[in-house]
Every structure is written in C-alpha cells, then in structure tokens.
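Okay, structure first, notes after.
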Protein chains: 2
Amino acid sequence: MTLYTEIFEQPSILRNLLTNQRDTIAKIASEIRKRDASFVFLAARGTSDNAGRYANYLWGSYNSIPVALATPSLFTFYKKPPRLINALVVGVSQSGKSPDIVSVLKEGKNQGCLTLAITNDLKSPLASEADFVIDIHAGEEKAVAATKTYTAELLAMAMLSTALEKDKKREEELLKVPDWADKVLAQTDHIKEIAQRYLFMERCVVLGRGFNYSTAFEWSLKLKELTYVVAEPYSSADFQHGPIAMVERGFPVMAVAPGGAVFDTLTSMLVKLKKDHHAELLVISDQPSVLELAQSSIELPKGIPEWLTPLITIIPAQLFCYHLTQAKGYNTEAPRSIHKVTETQ
Amino acid sequence: MTLYTEIFEQPSILRNLLTNQRDTIAKIASEIRKRDASFVFLAARGTSDNAGRYANYLWGSYNSIPVALATPSLFTFYKKPPRLINALVVGVSQSGKSPDIVSVLKEGKNQGCLTLAITNDLKSPLASEADFVIDIHAGEEKAVAATKTYTAELLAMAMLSTALEKDKKREEELLKVPDWADKVLAQTDHIKEIAQRYLFMERCVVLGRGFNYSTAFEWSLKLKELTYVVAEPYSSADFQHGPIAMVERGFPVMAVAPGGAVFDTLTSMLVKLKKDHHAELLVISDQPSVLELAQSSIELPKGIPEWLTPLITIIPAQLFCYHLTQAKGYNTEAPRSIHKVTETQ
C-alpha cells in the first residue's frame, strides 16, 4: 500500500531535509532579512494551504511577521490583485503546477516583491517563477492523499523560522523531530484498533487551536478525501461562536490537544463537550488529564515543544484516516473523484 | 418570531445606514488615505469573521489593499503578537465585547497603527479602544443567530470601500441595495416550500467563490447554528483539491452563483457535480442556465453588480435556514448550546 508506505517514509524524509536544505534555507533567510518585509502574502491550496496555516502562527509569533493567506481569484478571475508593496510573497505547492498559485507569485514578482516557492518539484512552473526555492525533497508522492509532503512543508517552514532568527536553541529542537515521528508511527496497531470504533461515522468536527489549528484542518481534509466523512475543522474559539449547536449526544469530536499555551482553553471546551453534551471524543495529546477524558486517545511522546507539535500530531491522524479507510473498505490509494495534481485557476 | 422579524428589518436598516453613517465614513476614509497602510489586519469571530471574508475580496480588489485575517490566540494565549507596522487594524464585532478581538485592537494601538472598529454598540470595549468607529446602527439584535448585523457590517465595509476611492458610480449602486433586499424577501413563501425538501438533510457543503466566498461561510454557519446540519463551506477551487471525494449520489450541495467573474468556473463545477456525481443542488443565482440545472433554485433580482451581491445573496439563505429550522421543529430564537454574546480569549 503506497499511502501506508509514504506515511512511514516521513522520519527519513524529515532527517534528510534537515541536512540537505540547511544551507539553502540559511541563504534564503539572509536575503529575506535584508528586505525586512512588513508581511507575508502566502498562496496555497488544499494540504499546502493547511501548511500555510502553520506558517501563519509560526512566523507570526517567532518571526513577528503577519501572514496574509492569498485570495487567488483576485489574481486570476478578477484581474484585480492587491498592491503587494513590502510583502514577501510565498507559494506553497507539492506539484508546483496549480496555475492560480503560480499567478500570485508572478504578480508578486511584477510588483517587485521577493518571492519564495516551497515545492517538491524544482522543475515546476512555481519553482521557475520564484526568486528562491526550498525543495522539500520528499521524493515522488504516489498516493493521491498527501502525507509526507505535508510534514516536509511544515519542516521547511520551521527551518526557515529558526534560520531567520539564527535561533540555535530551536535549531537543536528541530533535530529531534524525526525521532518523535518514529515514536508515533510505532503506535499504528493501537490506532488501527481505535479506528474500528468509527466505522459508521458520517460526520464529525476536528478541533485544534493555535499552532495545531493547521493540524485540525489537515486531519479533517484527510478524513474527507479518504473516508468521505464530512469533517469540519475549527479552532475551539470559533466553534463556540455558533457551530457548537450541532453537537448532540454521541456526536464525534476529534481534538489535537498537546500541552502548551492553548491547552487549558481547548481542554475546558472538551470537558464541556463530554460532560454537558455527551460528545464522543478522540484526542491526540501528551497530557494525561485530557487523554483520560476521551473515549479514544492517542498518546504523543513527551517533551515536544509546542511550536513543533504540528509536525508530529498529524502523523497519528494520518494513520487513523488510513486505517479507517481500510475498515470502511474504500480505496486508500486513489480516492474517488480526485487526482494527484489539481490545477485550478 | 424575532429571527424572522429581524431578517425582514434588513432593508430599512440598510437604508438608514446609507444615510446616517455616510459622513462619518467619509471622514474615516480621509484619515485612512493619509496613512497609506500596506495592509489591513482584521480581527473577528463567527458571523463578523465571515463579513471579514467579504472585506478581503472587496478591499483587495477595489482598494488594492491586502487583508490579513488575524490569529487572535497569538495576542491572547501566546502573547507573541506579530509586528503590525504599516497595518490598518480593524476589529469587527456585533457586540464589541469578545476579549480576543479587543486585544488585537489594543495591540495595534500600542504599536502605533490606525485602528477601526465596526460594531453595533458604540459603548462597547471594542469601540472605546478604536481610533475610529463605524456604528452599524442595526438596533438591538435579539435572536441568537445574527442576520441583520451581518448585512449591516457588509454595507459598512462597502461604504468604506467607495469612500476611500471617492467612487461616485459605486456610491450610486450602493443606494439600490435596500430595494434589492426587499425583492428577495418577497420570495419567502417560495423558499419555505423549497426548505421542506431538505427536512432530513444531516450534512451538506456550501459552495461560493470570490466575493461570495463570504456568503458560503455565512450560509453554512446559519445552517449549523439553527438547523444543526453539518454544513461545510468551500470555494469551488478548494473543493476540487480533495473534499469533492465526499460527494456521492444525492449528496446535497448548496451554491451561491450570481453572474460575474467567477460564474463560469463555479458553474462548470456545479455541472460536474450534477451530471457526473448526481449531487442534489440548491442554487441562488440570477442566471437562468444554472437555475435550470439545480433541483431547487432561488432567483435573484437582475442587475446587481457582483461586488454587491453578497449583501443580497445571504438574505434568501437566511430565509432558507429559518424555514428549515421551523420544518425540523427546532427553536429559531435560541439554538441549543449558544448565546448571543460569546466571549472568547
């Protein structure tokens, strides 16, 4: 099974990326520092857009730079792109082929902005258009559902973040990522067992907050692509502003809740969902209190700093989706209706 | 029924707002022009966040200014707000009370940015914090699900857009909004009839693109809050990048597809969903071709310029949600689990 193999390739891809893009990223960082952009304008779709949500929190907090997620139709259909003065324009795409993402970079270049592509294909139109390219070196991804290119994109973003600050402490933390990835992969049998419980699930919500807002989006995208479950991602704050009304007895709620700055607020929402609304909880965490609260739980290795948790928390979620797809009898390699490369305008 | 009454109050609120905030908005626009911000940093939650999505397209295209939607947790839990140099910081909130939105404005002010509040309460903490306030003058909104404050927020954003450019042509177009609103409200009986067909719907997707990306989000939020349907909003482009895999025979797809720059691309997606995937379509449009394609259709008045369609397209969607809630026998005034004012950190 290609999808399963690709999920398991992640530790070695991450290890490799840490070594072989280190110098390139250091050079790019020094160019970016020279330009001192006011904000990042980031264009991406699908899984890469979820990686962009990580950049939004990571670069916003550790590099103090606000990130605006692009609205590509202003560049393609409306032909009225905004002024991008003082922006660093970033395109993220596994294939580097989607015309809308390429147009945003092209317009950025026309307006004199520094442009950066993060892609798995150095020869792609996106890479050719950009001033700088980070090659995520994930090897060809054959399964339609992206897994290894997602974590590689996150790592590329994390490496750029530390390089921009020349932050030695965080650079050392980065080196531990592949080992943590190995540890969560070892739980595949436990996760397979959990997945059986969700065989008849047709809809759910996936909650995360802060850094793991990205994980909630990516987990829910994998659920939709692979298991065809209508899975909607939320920050626990946005969830309170209306959508919580959907939750009735037994309603399935997935949550990404590692320890950190948002742990208490997210957990108090989960306690409420369990005690007051009798929701069915599946939780990924390293914190015993919330793992005990949930009907199903997946334990993370201890000691992952919060800013790096999205690189690890998504892996058990990928495994969960893989095993649930198997249990439901669907095709893990080629989900219906979608293709590996999606070219949108 | 308060919700129903408030939906019908919209034309008069919009008429009123066009008159009584015109001068205030002109003054604010002239101050904003002086500062020449590189980008807008906009903080909002729930319905107001959906209004922010409209601003993203509107101000991005007609005022050439990129909009970054804020990540409030960086200001509250992480205490690591990004640098907001050269930003215009905007907070949008009906109640003006959510502490996370107030903190973003406060930080903007500390960093020396120009700050603007769009709110229904001039005495709220958000209004007190801001340099400038647009009062949406919608009167007290009693129903928990926001309707009239949403369209009033959109109109305030549209008025600011035309004032910034001193665009007389678009200012005249604005004046027709209340009449178009009257026209769609007159379809309430037709919409009630349509709603019966969706009595047993438990999940759906809502598609929109460009300006009406906001409408897709707001329609889906009303569905979740009022009818408890798991309704997920998408741009038709993002939908192709994975989630389309969920669609099987009879899967309900709601779409906001008025004529305009993105009409062809959205319609070709709807044709595909109907012909290849046998989806069940409910479409809001002024274009006969797509109205005929759908199993259920709601016709818009002719001649609404695309940039103003979100102020009108949401109204039949609100009526649809109201009638479906009635049909399902749920409480239209006070949905379970939520309150009028949600205070999140």
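Labels for the structure tokens follow display order: chains A, B, ..., residues from 1 in each chain, ligands from 1.
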
Please run DSSP on the backbone and report, as a VMD selection string, all residues within stretch 118-325 of chain A that come out as helix (DSSP H, G or I). chain A and resid 125 to 129 148 to 165 168 to 174 177 to 185 188 to 196 210 to 227 236 to 240 243 to 246 263 to 275 288 to 293 306 to 325

With a cut-off of 8 Å and counting only C-alpha atoms, select all residues of chain A in contact with chain B and give the selection as a PyMOL selection string. chain A and resi 38+45-46+56-57+60-69+71+73-74+77-78+80-86+145+203-204+209-210+221+224-230+232+237-238+240-247+261-262+335-338+342+344-345

For those residues, write C-alpha atoms to a file as a JSON list (two decimals), in the first residue's frame.
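Final output, selection_32.json:
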[["chain", "number", "residue", "atom", "x", "y", "z"],
["A", 38, "SER", "CA", 6.07, 44.12, 6.51],
["A", 45, "ARG", "CA", -4.44, 25.16, -1.91],
["A", 46, "GLY", "CA", -5.52, 22.00, -0.12],
["A", 56, "ASN", "CA", 0.65, 31.91, 9.96],
["A", 57, "TYR", "CA", 1.15, 31.04, 13.66],
["A", 60, "GLY", "CA", 3.63, 35.43, 13.30],
["A", 61, "SER", "CA", 4.89, 34.52, 16.75],
["A", 62, "TYR", "CA", 8.58, 33.56, 16.39],
["A", 63, "ASN", "CA", 9.43, 35.87, 13.49],
["A", 64, "SER", "CA", 6.92, 38.63, 14.35],
["A", 65, "ILE", "CA", 5.71, 38.81, 10.76],
["A", 66, "PRO", "CA", 1.99, 38.80, 9.97],
["A", 67, "VAL", "CA", 0.87, 36.33, 7.30],
["A", 68, "ALA", "CA", -1.99, 37.05, 4.89],
["A", 69, "LEU", "CA", -3.41, 34.00, 3.14],
["A", 71, "THR", "CA", -7.25, 35.06, -2.34],
["A", 73, "SER", "CA", -9.26, 34.51, -7.62],
["A", 74, "LEU", "CA", -8.39, 38.23, -7.35],
["A", 77, "PHE", "CA", -10.63, 35.76, -12.49],
["A", 78, "TYR", "CA", -10.99, 39.30, -11.22],
["A", 80, "LYS", "CA", -7.53, 42.99, -9.67],
["A", 81, "PRO", "CA", -4.65, 41.89, -7.48],
["A", 82, "PRO", "CA", -3.94, 44.00, -4.38],
["A", 83, "ARG", "CA", -0.78, 46.07, -4.02],
["A", 84, "LEU", "CA", 1.90, 43.83, -2.53],
["A", 85, "ILE", "CA", 4.40, 46.54, -1.59],
["A", 86, "ASN", "CA", 6.53, 45.45, 1.37],
["A", 145, "ALA", "CA", -3.78, 11.92, -0.39],
["A", 203, "ARG", "CA", -19.80, 13.45, 10.10],
["A", 204, "CYS", "CA", -17.63, 14.96, 12.79],
["A", 209, "ARG", "CA", -6.10, 25.83, 18.31],
["A", 210, "GLY", "CA", -3.01, 27.98, 17.85],
["A", 221, "LEU", "CA", -9.04, 17.12, 4.88],
["A", 224, "LYS", "CA", -12.85, 13.88, 3.72],
["A", 225, "GLU", "CA", -10.53, 12.71, 0.95],
["A", 226, "LEU", "CA", -10.04, 9.18, 2.21],
["A", 227, "THR", "CA", -13.02, 8.20, 4.35],
["A", 228, "TYR", "CA", -15.63, 10.55, 2.79],
["A", 229, "VAL", "CA", -16.68, 11.66, 6.28],
["A", 230, "VAL", "CA", -17.96, 15.25, 6.39],
["A", 232, "GLU", "CA", -15.24, 20.17, 9.67],
["A", 237, "ALA", "CA", -12.91, 29.65, 19.89],
["A", 238, "ASP", "CA", -14.65, 29.81, 16.51],
["A", 240, "GLN", "CA", -18.08, 28.41, 20.40],
["A", 241, "HIS", "CA", -19.29, 31.22, 18.15],
["A", 242, "GLY", "CA", -22.14, 29.11, 16.72],
["A", 243, "PRO", "CA", -21.18, 25.65, 15.40],
["A", 244, "ILE", "CA", -21.24, 24.02, 18.85],
["A", 245, "ALA", "CA", -25.03, 23.98, 18.42],
["A", 246, "MET", "CA", -24.59, 20.90, 16.15],
["A", 247, "VAL", "CA", -23.29, 18.71, 18.98],
["A", 261, "ALA", "CA", -0.30, 27.84, 25.74],
["A", 262, "VAL", "CA", -3.75, 26.90, 24.41],
["A", 335, "PRO", "CA", -10.00, 8.18, -3.61],
["A", 336, "ARG", "CA", -12.96, 8.70, -5.89],
["A", 337, "SER", "CA", -13.28, 11.95, -7.89],
["A", 338, "ILE", "CA", -9.82, 13.41, -7.18],
["A", 342, "THR", "CA", -5.26, 19.56, -9.19],
["A", 344, "THR", "CA", -7.27, 25.33, -10.50],
["A", 345, "GLN", "CA", -7.49, 28.89, -11.76]]

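Relative to atom CA of A:Ser128, atom CA of A:Glu107 is found at 13.7 Å.
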
Just the residues within 8 Å of stretch 293-310 of chain A, please, counting only C-alpha atoms, with nothing from its chain fewer than 2 positions along; format it as a ChimeraX atom specification. /A:54,58,154,158,173-174,177,180,183-184,191,194,211-212,214-215,258-260,271,274,280-287,289-291,312-314,316

Please produce a file of the residues just selected, as a PDB file, in the first residue's frame, where the atoms kept are C-alpha atoms.
ATOM      1  CA  TYR A  54       1.084  26.654  10.423  1.00  0.00           C
ATOM      2  CA  LEU A  58       4.842  30.149  13.485  1.00  0.00           C
ATOM      3  CA  LEU A 154       5.970  22.151   7.733  1.00  0.00           C
ATOM      4  CA  ALA A 158      10.125  25.626  10.689  1.00  0.00           C
ATOM      5  CA  GLU A 173      14.931  21.102  18.930  1.00  0.00           C
ATOM      6  CA  LEU A 174      14.325  20.634  15.199  1.00  0.00           C
ATOM      7  CA  VAL A 177      11.634  15.782  15.057  1.00  0.00           C
ATOM      8  CA  TRP A 180       9.457  11.792  17.626  1.00  0.00           C
ATOM      9  CA  LYS A 183       7.764   7.061  18.058  1.00  0.00           C
ATOM     10  CA  VAL A 184       4.242   7.959  16.959  1.00  0.00           C
ATOM     11  CA  ILE A 191      -4.549   3.381  16.127  1.00  0.00           C
ATOM     12  CA  ILE A 194      -9.295   2.716  17.641  1.00  0.00           C
ATOM     13  CA  PHE A 211      -0.199  26.024  16.183  1.00  0.00           C
ATOM     14  CA  ASN A 212      -2.414  22.965  15.783  1.00  0.00           C
ATOM     15  CA  SER A 214      -3.269  23.612  10.960  1.00  0.00           C
ATOM     16  CA  THR A 215      -3.495  20.007  12.193  1.00  0.00           C
ATOM     17  CA  PRO A 258      -0.870  18.745  23.146  1.00  0.00           C
ATOM     18  CA  GLY A 259       0.374  20.682  26.196  1.00  0.00           C
ATOM     19  CA  GLY A 260       1.148  24.360  25.622  1.00  0.00           C
ATOM     20  CA  VAL A 271     -14.644  18.824  29.212  1.00  0.00           C
ATOM     21  CA  LYS A 274     -18.018  15.482  27.164  1.00  0.00           C
ATOM     22  CA  GLU A 280     -17.719  11.138  21.691  1.00  0.00           C
ATOM     23  CA  LEU A 281     -14.084  12.302  21.970  1.00  0.00           C
ATOM     24  CA  LEU A 282     -10.952  11.117  20.164  1.00  0.00           C
ATOM     25  CA  VAL A 283      -7.957  13.043  21.453  1.00  0.00           C
ATOM     26  CA  ILE A 284      -4.284  13.265  20.425  1.00  0.00           C
ATOM     27  CA  SER A 285      -2.222  14.630  23.332  1.00  0.00           C
ATOM     28  CA  ASP A 286       0.717  14.171  25.670  1.00  0.00           C
ATOM     29  CA  GLN A 287      -1.349  15.262  28.693  1.00  0.00           C
ATOM     30  CA  SER A 289      -5.817  14.658  32.055  1.00  0.00           C
ATOM     31  CA  VAL A 290      -7.292  15.020  28.582  1.00  0.00           C
ATOM     32  CA  LEU A 291      -6.287  11.539  27.414  1.00  0.00           C
ATOM     33  CA  ILE A 312       4.130  15.147  14.980  1.00  0.00           C
ATOM     34  CA  THR A 313       0.410  15.374  15.831  1.00  0.00           C
ATOM     35  CA  ILE A 314      -0.629  14.974  12.183  1.00  0.00           C
ATOM     36  CA  PRO A 316      -1.273   9.570  14.126  1.00  0.00           C
TER      37      PRO A 316
END

Residues of stretch 67-257 of chain B classed as strand (DSSP E) by DSSP on the backbone are to be reported as JSON, numbers by chain. {"B": [67, 68, 69, 87, 88, 89, 90, 91, 92, 93, 114, 115, 116, 117, 118, 119, 132, 133, 134, 135, 203, 204, 205, 206, 207, 208, 230, 231, 232, 233, 234, 235, 252, 253, 254, 255, 256]}

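Atom CA of A:Ala279 to atom CA of A:Cys321 spans 20.0 Å [interatomic distance, one decimal].
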
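For the set A:Ala138, A:His278, A:Glu31, A:Ala163, the residue with the smallest atom-to-atom gap to A:Leu116 is A:Glu31, counting only C-alpha atoms.
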
9 Å contact set for A:Thr188, only C-alpha atoms, chain neighbours under 2 positions out, as JSON, numbers by chain: {"A": [184, 185, 186, 190, 191, 192, 193, 316, 319, 320, 323]}

Next, the residues of the selection above should be written as a short mmCIF file (atom, residue, chain, number, x, y, z; two decimals), in the first residue's frame with N, CA and C atoms.
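Saved the output as again34.cif:
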data_model
loop_
_atom_site.label_atom_id
_atom_site.label_comp_id
_atom_site.auth_asym_id
_atom_site.auth_seq_id
_atom_site.Cartn_x
_atom_site.Cartn_y
_atom_site.Cartn_z
N VAL A 184 5.70 8.01 17.18
CA VAL A 184 4.24 7.96 16.96
C VAL A 184 3.87 6.90 15.92
N LEU A 185 4.73 6.68 14.96
CA LEU A 185 4.44 5.65 13.94
C LEU A 185 4.35 4.26 14.58
N ALA A 186 5.10 4.07 15.66
CA ALA A 186 5.10 2.76 16.33
C ALA A 186 3.73 2.43 16.93
N HIS A 190 -2.26 0.20 17.69
CA HIS A 190 -3.22 0.82 18.61
C HIS A 190 -4.21 1.70 17.85
N ILE A 191 -3.69 2.46 16.89
CA ILE A 191 -4.55 3.38 16.13
C ILE A 191 -5.52 2.59 15.24
N LYS A 192 -5.04 1.48 14.69
CA LYS A 192 -5.91 0.62 13.88
C LYS A 192 -7.10 0.11 14.71
N GLU A 193 -6.81 -0.23 15.94
CA GLU A 193 -7.85 -0.72 16.84
C GLU A 193 -8.90 0.37 17.11
N PRO A 316 -0.23 10.52 13.70
CA PRO A 316 -1.27 9.57 14.13
C PRO A 316 -2.62 9.85 13.46
N LEU A 319 -2.48 8.12 10.19
CA LEU A 319 -2.66 6.67 10.39
C LEU A 319 -4.12 6.33 10.69
N PHE A 320 -4.76 7.17 11.50
CA PHE A 320 -6.17 6.96 11.81
C PHE A 320 -7.00 6.95 10.53
N HIS A 323 -6.31 3.75 8.45
CA HIS A 323 -6.95 2.54 8.99
C HIS A 323 -8.47 2.60 8.88
#

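Atom CA of B:Thr24 to atom CA of B:Gln94 spans 18.3 Å [interatomic distance, one decimal].
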
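Closest approach to B:His137 among B:Ser48, B:Thr115, B:Ser161, B:Asn16 is made by B:Asn16 (distances from only C-alpha atoms).
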
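Using only C-alpha atoms, the smallest distance between any of A:Thr149, A:Ala216, A:Gly208, A:Ile28 and A:Ala130 comes from A:Ile28.
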
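Proximity to A:Gln21 was assessed for A:Ala156, A:Leu88, A:Ala127, A:Ala255 counting only C-alpha atoms; the smallest distance is recorded for A:Ala156.
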